[in-house]
>>> print(open('entry.cif').read())   # mmCIF, C-alpha atoms
data_protein
#
loop_
_atom_site.group_PDB
_atom_site.id
_atom_site.type_symbol
_atom_site.label_atom_id
_atom_site.label_comp_id
_atom_site.auth_asym_id
_atom_site.auth_seq_id
_atom_site.Cartn_x
_atom_site.Cartn_y
_atom_site.Cartn_z
ATOM 1 C CA MET A 1 53.096 14.595 16.025
ATOM 2 C CA ARG A 2 56.209 16.754 15.882
ATOM 3 C CA PHE A 3 55.727 17.562 19.545
ATOM 4 C CA LEU A 4 55.817 13.843 20.384
ATOM 5 C CA ILE A 5 58.982 13.289 18.330
ATOM 6 C CA VAL A 6 60.660 16.266 20.016
ATOM 7 C CA LEU A 7 59.679 14.898 23.444
ATOM 8 C CA ILE A 8 61.080 11.469 22.548
ATOM 9 C CA ILE A 9 64.351 13.032 21.366
ATOM 10 C CA ILE A 10 64.608 15.161 24.495
ATOM 11 C CA ALA A 11 63.876 12.154 26.710
ATOM 12 C CA PHE A 12 66.526 10.141 24.864
ATOM 13 C CA LEU A 13 69.117 12.910 25.256
ATOM 14 C CA ILE A 14 68.335 13.282 28.952
ATOM 15 C CA PHE A 15 68.657 9.524 29.418
ATOM 16 C CA LYS A 16 71.888 9.425 27.399
ATOM 17 C CA PHE A 17 73.687 12.241 29.229
ATOM 18 C CA TRP A 18 72.325 11.704 32.751
ATOM 19 C CA PRO A 19 75.310 11.007 35.038
ATOM 20 C CA GLU A 20 75.549 7.475 36.357
ATOM 21 C CA PRO A 21 75.880 7.034 40.106
ATOM 22 C CA ALA A 22 79.383 6.239 41.293
ATOM 23 C CA THR A 23 79.942 2.571 41.984
ATOM 24 C CA PRO A 24 80.943 1.809 45.552
ATOM 25 C CA PRO A 25 84.298 0.161 46.202
ATOM 26 C CA VAL A 26 84.171 -3.608 46.421
ATOM 27 C CA GLU A 27 85.096 -3.540 50.106
ATOM 28 C CA ASP A 28 81.835 -1.695 50.847
ATOM 29 C CA THR A 29 79.592 -4.228 49.111
ATOM 30 C CA PHE A 30 78.192 -7.503 50.398
ATOM 31 C CA ILE A 31 81.328 -9.356 49.286
ATOM 32 C CA GLY A 32 83.673 -7.119 51.302
ATOM 33 C CA PRO A 33 84.251 -9.512 54.238
ATOM 34 C CA GLN A 34 85.215 -12.319 51.864
ATOM 35 C CA ILE A 35 87.735 -10.046 50.123
ATOM 36 C CA GLN A 36 89.268 -9.059 53.446
ATOM 37 C CA THR A 37 89.595 -12.743 54.332
ATOM 38 C CA LEU A 38 91.277 -13.426 50.998
ATOM 39 C CA LYS A 39 93.758 -10.601 51.564
ATOM 40 C CA LYS A 40 94.643 -12.025 54.979
ATOM 41 C CA ALA A 41 95.061 -15.474 53.426
ATOM 42 C CA GLU A 42 97.385 -14.013 50.782
ATOM 43 C CA GLN A 43 99.523 -12.477 53.535
ATOM 44 C CA VAL A 44 99.690 -15.811 55.368
ATOM 45 C CA GLU A 45 100.615 -17.583 52.137
ATOM 46 C CA GLN A 46 103.361 -15.046 51.423
ATOM 47 C CA GLN A 47 104.778 -15.474 54.938
ATOM 48 C CA TYR A 48 104.707 -19.259 54.519
ATOM 49 C CA GLU A 49 106.528 -19.072 51.181
ATOM 50 C CA GLU A 50 109.186 -16.775 52.667
ATOM 51 C CA ALA A 51 109.686 -19.121 55.635
ATOM 52 C CA LEU A 52 109.893 -22.103 53.289
ATOM 53 C CA GLU A 53 112.460 -20.316 51.122
ATOM 54 C CA GLN A 54 114.552 -19.438 54.189
ATOM 55 C CA ALA A 55 114.374 -23.032 55.424
ATOM 56 C CA ASN A 56 115.486 -24.322 52.022
ATOM 57 C CA GLU A 57 118.399 -21.873 51.967
ATOM 58 C CA ARG A 58 119.425 -22.941 55.488
ATOM 59 C CA ILE A 59 119.261 -26.625 54.556
ATOM 60 C CA GLU A 60 121.299 -25.967 51.421
ATOM 61 C CA ARG A 61 123.951 -24.055 53.424
ATOM 62 C CA GLU A 62 124.169 -26.791 56.042
ATOM 63 C CA SER A 63 124.494 -29.558 53.455
ATOM 64 C CA GLY A 64 127.414 -27.924 51.699
ATOM 65 C CA GLY A 65 125.459 -25.983 49.037
ATOM 66 C CA ASP A 66 126.419 -26.948 45.521
#
>>> encode(input="entry.cif", output="structure tokens")
Amino acid sequence: MRFLIVLIIIAFLIFKFWPEPATPPVEDTFIGPQIQTLKKAEQVEQQYEEALEQANERIERESGGD
């Protein structure tokens, strides 16, 4: 009986301290292409916002800019 308890404790300790495998980066998983598409969309959105801001500044300068 003691032998069984010792085996259970040893098995528990091995399970507890066994190193977990490293998780792969998200880009390497099945969702990677969607994330790349989102990053490209964020870049396009940022470029659009910058162009919109420049256009607003130009319009404000041309109208006399209060």
>>> atom_distance(input="entry.cif", atom1="atom CA of A:Val26", atom2="atom CA of A:Glu42")
17.4 Å
>>> atom_distance(input="entry.cif", atom1="atom CA of A:Ser63", atom2="atom CA of A:Tyr48")
22.3 Å
>>> atom_distance(input="entry.cif", atom1="atom CA of A:Ile8", atom2="atom CA of A:Pro21")
23.4 Å
>>> axis_aligned_box(input="entry.cif", around="stretch 20-39 of chain A", padding_each_side="3 Å", output="JSON")
{"center_x": 84.7, "center_y": -3.0, "center_z": 45.3, "size_x": 24.2, "size_y": 26.9, "size_z": 24.0}
>>> build_atoms(input="entry.cif", residues="stretch 36-59 of chain A", atoms="N, CA and C atoms", output="PDB file, in the frame of the given file")
ATOM      1  N   GLN A  36      88.332  -9.282  52.345  1.00  0.00           N
ATOM      2  CA  GLN A  36      89.268  -9.059  53.446  1.00  0.00           C
ATOM      3  C   GLN A  36      89.885 -10.372  53.901  1.00  0.00           C
ATOM      4  N   THR A  37      89.085 -11.426  53.959  1.00  0.00           N
ATOM      5  CA  THR A  37      89.595 -12.743  54.332  1.00  0.00           C
ATOM      6  C   THR A  37      90.605 -13.232  53.307  1.00  0.00           C
ATOM      7  N   LEU A  38      90.336 -13.020  52.040  1.00  0.00           N
ATOM      8  CA  LEU A  38      91.277 -13.426  50.998  1.00  0.00           C
ATOM      9  C   LEU A  38      92.592 -12.670  51.108  1.00  0.00           C
ATOM     10  N   LYS A  39      92.533 -11.387  51.417  1.00  0.00           N
ATOM     11  CA  LYS A  39      93.758 -10.601  51.564  1.00  0.00           C
ATOM     12  C   LYS A  39      94.585 -11.115  52.737  1.00  0.00           C
ATOM     13  N   LYS A  40      93.922 -11.459  53.833  1.00  0.00           N
ATOM     14  CA  LYS A  40      94.643 -12.025  54.979  1.00  0.00           C
ATOM     15  C   LYS A  40      95.258 -13.359  54.605  1.00  0.00           C
ATOM     16  N   ALA A  41      94.538 -14.173  53.853  1.00  0.00           N
ATOM     17  CA  ALA A  41      95.061 -15.474  53.426  1.00  0.00           C
ATOM     18  C   ALA A  41      96.264 -15.291  52.503  1.00  0.00           C
ATOM     19  N   GLU A  42      96.244 -14.285  51.655  1.00  0.00           N
ATOM     20  CA  GLU A  42      97.385 -14.013  50.782  1.00  0.00           C
ATOM     21  C   GLU A  42      98.607 -13.632  51.610  1.00  0.00           C
ATOM     22  N   GLN A  43      98.409 -12.848  52.668  1.00  0.00           N
ATOM     23  CA  GLN A  43      99.523 -12.477  53.535  1.00  0.00           C
ATOM     24  C   GLN A  43     100.099 -13.701  54.232  1.00  0.00           C
ATOM     25  N   VAL A  44      99.232 -14.586  54.709  1.00  0.00           N
ATOM     26  CA  VAL A  44      99.690 -15.811  55.368  1.00  0.00           C
ATOM     27  C   VAL A  44     100.450 -16.679  54.376  1.00  0.00           C
ATOM     28  N   GLU A  45      99.941 -16.789  53.161  1.00  0.00           N
ATOM     29  CA  GLU A  45     100.615 -17.583  52.137  1.00  0.00           C
ATOM     30  C   GLU A  45     101.989 -17.000  51.807  1.00  0.00           C
ATOM     31  N   GLN A  46     102.087 -15.688  51.714  1.00  0.00           N
ATOM     32  CA  GLN A  46     103.361 -15.046  51.423  1.00  0.00           C
ATOM     33  C   GLN A  46     104.350 -15.299  52.556  1.00  0.00           C
ATOM     34  N   GLN A  47     103.905 -15.202  53.800  1.00  0.00           N
ATOM     35  CA  GLN A  47     104.778 -15.474  54.938  1.00  0.00           C
ATOM     36  C   GLN A  47     105.242 -16.927  54.924  1.00  0.00           C
ATOM     37  N   TYR A  48     104.355 -17.845  54.584  1.00  0.00           N
ATOM     38  CA  TYR A  48     104.707 -19.259  54.519  1.00  0.00           C
ATOM     39  C   TYR A  48     105.751 -19.507  53.437  1.00  0.00           C
ATOM     40  N   GLU A  49     105.566 -18.898  52.271  1.00  0.00           N
ATOM     41  CA  GLU A  49     106.528 -19.072  51.181  1.00  0.00           C
ATOM     42  C   GLU A  49     107.895 -18.502  51.551  1.00  0.00           C
ATOM     43  N   GLU A  50     107.921 -17.357  52.234  1.00  0.00           N
ATOM     44  CA  GLU A  50     109.186 -16.775  52.667  1.00  0.00           C
ATOM     45  C   GLU A  50     109.868 -17.679  53.687  1.00  0.00           C
ATOM     46  N   ALA A  51     109.113 -18.213  54.632  1.00  0.00           N
ATOM     47  CA  ALA A  51     109.686 -19.121  55.635  1.00  0.00           C
ATOM     48  C   ALA A  51     110.198 -20.394  54.973  1.00  0.00           C
ATOM     49  N   LEU A  52     109.471 -20.903  54.005  1.00  0.00           N
ATOM     50  CA  LEU A  52     109.893 -22.103  53.289  1.00  0.00           C
ATOM     51  C   LEU A  52     111.179 -21.843  52.510  1.00  0.00           C
ATOM     52  N   GLU A  53     111.256 -20.684  51.879  1.00  0.00           N
ATOM     53  CA  GLU A  53     112.460 -20.316  51.122  1.00  0.00           C
ATOM     54  C   GLU A  53     113.660 -20.191  52.055  1.00  0.00           C
ATOM     55  N   GLN A  54     113.459 -19.570  53.216  1.00  0.00           N
ATOM     56  CA  GLN A  54     114.552 -19.438  54.189  1.00  0.00           C
ATOM     57  C   GLN A  54     114.984 -20.802  54.704  1.00  0.00           C
ATOM     58  N   ALA A  55     114.033 -21.681  54.951  1.00  0.00           N
ATOM     59  CA  ALA A  55     114.374 -23.032  55.424  1.00  0.00           C
ATOM     60  C   ALA A  55     115.158 -23.786  54.356  1.00  0.00           C
ATOM     61  N   ASN A  56     114.764 -23.648  53.102  1.00  0.00           N
ATOM     62  CA  ASN A  56     115.486 -24.322  52.022  1.00  0.00           C
ATOM     63  C   ASN A  56     116.908 -23.776  51.897  1.00  0.00           C
ATOM     64  N   GLU A  57     117.067 -22.475  52.024  1.00  0.00           N
ATOM     65  CA  GLU A  57     118.399 -21.873  51.967  1.00  0.00           C
ATOM     66  C   GLU A  57     119.264 -22.365  53.121  1.00  0.00           C
ATOM     67  N   ARG A  58     118.683 -22.463  54.315  1.00  0.00           N
ATOM     68  CA  ARG A  58     119.425 -22.941  55.488  1.00  0.00           C
ATOM     69  C   ARG A  58     119.851 -24.383  55.297  1.00  0.00           C
ATOM     70  N   ILE A  59     118.941 -25.214  54.796  1.00  0.00           N
ATOM     71  CA  ILE A  59     119.261 -26.625  54.556  1.00  0.00           C
ATOM     72  C   ILE A  59     120.366 -26.738  53.507  1.00  0.00           C
TER      73      ILE A  59
END
